[in-house]
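Working notes for the structure below.
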Amino acid sequence: MIKPLSIVVLVPLAVVLCFALSALPTPAERKELGIASKHIRAHGVNDTGAMNLVAAVLFDYRGFDTLGEVTVIFSAVASVGLLFSVRRLPNTSEGLSTITKRSIGALVPFIFLVGFYIVMHGHLSPGGGFQGGVIWGSLLILLGIVYGSRYAEGVVAKESRTVMESLGALAFLGLGCVGLFAGGGFLANLAAGYPRGTPGAITSAGVIPLLSLMVGIKIGAGLAAIFYAMVNEGMEVDNDA
Amino acid sequence: MEAALTNSLLIFLLISALFAVHFRDHLSAVLALSVFSTSMSVLFAVYQAPDVALAEAVVGAGLGTALFLIAVSRTRSKRSD
């Protein structure tokens with residue numbers, strides 16, 4: 001019933017994709033950069049003070065787009081919280097075995113440190129607020145799985161997750177507005193008077209590390225909030241059964 | 001050498017994607033998807049996009065798998081009622 005239809009849809013799609021693939025530029029043609037790439041490659045470090053040009057684009061040139069991404073995650077967390085907020089029962093999960101708890105317990109500080117490193121070195125090396133924030137969120141999820149959601153709730157409570165998420169978003173907006181008041185435009189970096197520092201040093205690139213930290217806190221708390229909303233909903237189902 | 005690595009990764013990507021679609025069991029499909037994300041992230045690193053590779057590794061292989069697993073386990077417990 002469905003098979004002929006799917007063939008009718010998928011075969012033309014495959015043909016189109018093959019044509020698109022053959023139209024892609026070869027590595028030799030790709031050597032030629034676009035206008036924006038050329039400019040960023042030539043002036044990026046000077047303009048922003050960030051060694052990692054991807055971070056320079058994310059938090060400086062296109063900081064407004066990052067604000068949009070952050071807002072998308074914010075609304076996703078809000079909708080998941082709304083969907084799963086009906087009739088929530090207390091957590092009862094006991095977690096995994098003692099061996100798992102002890103060995104993961106030894107790893108937890110290091111995982112946190114890796115996340116912190118990736119967030120704070122976003123302007124120097126690959127990574128940044130989003131990636132490090134996801135590591136923080138995964139750490140909270142790991143705590144919930146290994147130690148049981150009641151213990152994890154004691155480490156970072158639901159209220160503080162919500163507060164951290166909202167504060168991260170508000171601080172991002174606030175740091176952007178500083179640029180507005182300093183006469184440099186919304187989310188301006190060096191134009192707003194943030195110090196550039198020496199490119200390559202940890203305290204460089206003006207507002208980029210701060211924005212990165214705020215995004216990290218926001219993303220970590222938000223993703224953990226999504227996970228716990230789903231887990232708590234599941235507890236309710238288990239208790240009903 | 002690099003071409004061989006890239007090609008084997010691409011083939012692996014295709015195989016894991018096919019398995020992710022093919023598996024009837026949701027748990028196996030999620031794990032195949034996680035393998036897909038991991039090889040994708042290595043591929044990004046080979047193509048000199050370390051930022052994207054890092055994002056793919058933490059989101060695709062780590063967080064996405066965790067969220068999918070919790071969703072699978074919850075829907076399963078509901079279905080067995």
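Ordering of the structure tokens sets the chain letters (A, B, ...); residue numbers start at 1 within each chain; ligands are numbered from 1 in the order shown.
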
**Study point:** Spatial neighbours of Gly154 of chain A, max dist 12 Å, only C-alpha atoms, sep filter under 5 positions, as a PyMOL selection string
**Key:** chain A and resi 91+140+143-144+147-149+159-161

Using only C-alpha atoms and a distance of at most 8 Å, pull out the residues of chain B that contact chain A, as a PDB file with N, CA and C atoms, in the first residue's frame.
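See iface.pdb below for the written result:
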```
ATOM      1  N   PRO B  50      36.459  21.365  13.437  1.00  0.00           N
ATOM      2  CA  PRO B  50      36.453  20.835  14.809  1.00  0.00           C
ATOM      3  C   PRO B  50      35.289  21.353  15.646  1.00  0.00           C
ATOM      4  N   ASP B  51      34.845  22.585  15.406  1.00  0.00           N
ATOM      5  CA  ASP B  51      33.718  23.106  16.180  1.00  0.00           C
ATOM      6  C   ASP B  51      32.475  22.267  15.952  1.00  0.00           C
ATOM      7  N   LEU B  54      32.770  18.813  17.475  1.00  0.00           N
ATOM      8  CA  LEU B  54      32.514  18.818  18.921  1.00  0.00           C
ATOM      9  C   LEU B  54      31.019  18.876  19.205  1.00  0.00           C
ATOM     10  N   ALA B  55      30.313  19.756  18.475  1.00  0.00           N
ATOM     11  CA  ALA B  55      28.868  19.876  18.685  1.00  0.00           C
ATOM     12  C   ALA B  55      28.176  18.570  18.336  1.00  0.00           C
ATOM     13  N   VAL B  58      28.868  15.913  21.173  1.00  0.00           N
ATOM     14  CA  VAL B  58      28.152  16.067  22.444  1.00  0.00           C
ATOM     15  C   VAL B  58      26.645  15.995  22.244  1.00  0.00           C
ATOM     16  N   VAL B  59      26.133  16.567  21.163  1.00  0.00           N
ATOM     17  CA  VAL B  59      24.683  16.586  20.973  1.00  0.00           C
ATOM     18  C   VAL B  59      24.201  15.254  20.392  1.00  0.00           C
ATOM     19  N   GLY B  62      25.886  12.100  22.530  1.00  0.00           N
ATOM     20  CA  GLY B  62      25.648  12.124  23.976  1.00  0.00           C
ATOM     21  C   GLY B  62      24.220  12.448  24.342  1.00  0.00           C
ATOM     22  N   LEU B  63      23.870  13.729  24.180  1.00  0.00           N
ATOM     23  CA  LEU B  63      22.579  14.196  24.683  1.00  0.00           C
ATOM     24  C   LEU B  63      21.402  13.611  23.917  1.00  0.00           C
ATOM     25  N   LEU B  67      18.229  11.469  25.432  1.00  0.00           N
ATOM     26  CA  LEU B  67      16.821  11.871  25.319  1.00  0.00           C
ATOM     27  C   LEU B  67      16.010  10.799  24.599  1.00  0.00           C
ATOM     28  N   ILE B  70      15.424   7.784  26.925  1.00  0.00           N
ATOM     29  CA  ILE B  70      14.393   7.998  27.944  1.00  0.00           C
ATOM     30  C   ILE B  70      13.011   7.971  27.285  1.00  0.00           C
ATOM     31  N   ALA B  71      12.916   8.523  26.061  1.00  0.00           N
ATOM     32  CA  ALA B  71      11.625   8.496  25.364  1.00  0.00           C
ATOM     33  C   ALA B  71      11.223   7.064  25.036  1.00  0.00           C
ATOM     34  N   ARG B  74      10.121   5.217  28.191  1.00  0.00           N
ATOM     35  CA  ARG B  74       8.826   5.677  28.699  1.00  0.00           C
ATOM     36  C   ARG B  74       7.681   5.168  27.843  1.00  0.00           C
ATOM     37  N   SER B  77       7.049   1.436  28.548  1.00  0.00           N
ATOM     38  CA  SER B  77       6.335   1.097  29.780  1.00  0.00           C
ATOM     39  C   SER B  77       4.866   1.403  29.639  1.00  0.00           C
ATOM     40  N   LYS B  78       4.551   2.439  28.838  1.00  0.00           N
ATOM     41  CA  LYS B  78       3.153   2.780  28.651  1.00  0.00           C
ATOM     42  C   LYS B  78       2.462   1.705  27.808  1.00  0.00           C
ATOM     43  N   ASP B  81       1.241  -1.654  29.423  1.00  0.00           N
ATOM     44  CA  ASP B  81       0.125  -1.648  30.362  1.00  0.00           C
ATOM     45  C   ASP B  81      -1.048  -2.464  29.836  1.00  0.00           C
TER      46      ASP B  81
END
```

Find the residues around Thr198 of chain A up to 12 Å (only C-alpha atoms counted), leave out those fewer than 3 positions away in its own chain, and share them as a compact mmCIF listing (two decimals) with C-alpha atoms, in the first residue's frame.
```txt
# COMPACT_ATOMS: atom_id res chain seq x y z
CA VAL A 45 41.49 38.39 14.80
CA ASN A 46 42.03 42.14 14.61
CA THR A 48 37.40 40.71 17.65
CA GLY A 49 40.58 39.56 19.40
CA ALA A 50 39.38 35.94 19.20
CA MET A 51 41.77 33.31 17.86
CA HIS A 123 37.48 32.12 21.71
CA LEU A 124 40.84 30.31 21.56
CA PRO A 195 38.85 45.30 26.05
CA ALA A 201 45.38 35.01 25.92
CA ILE A 202 42.56 33.64 28.07
CA THR A 203 41.39 37.19 28.91
CA SER A 204 40.96 38.44 25.36
CA ALA A 205 38.30 38.93 22.72
CA GLY A 206 36.25 41.35 24.82
```
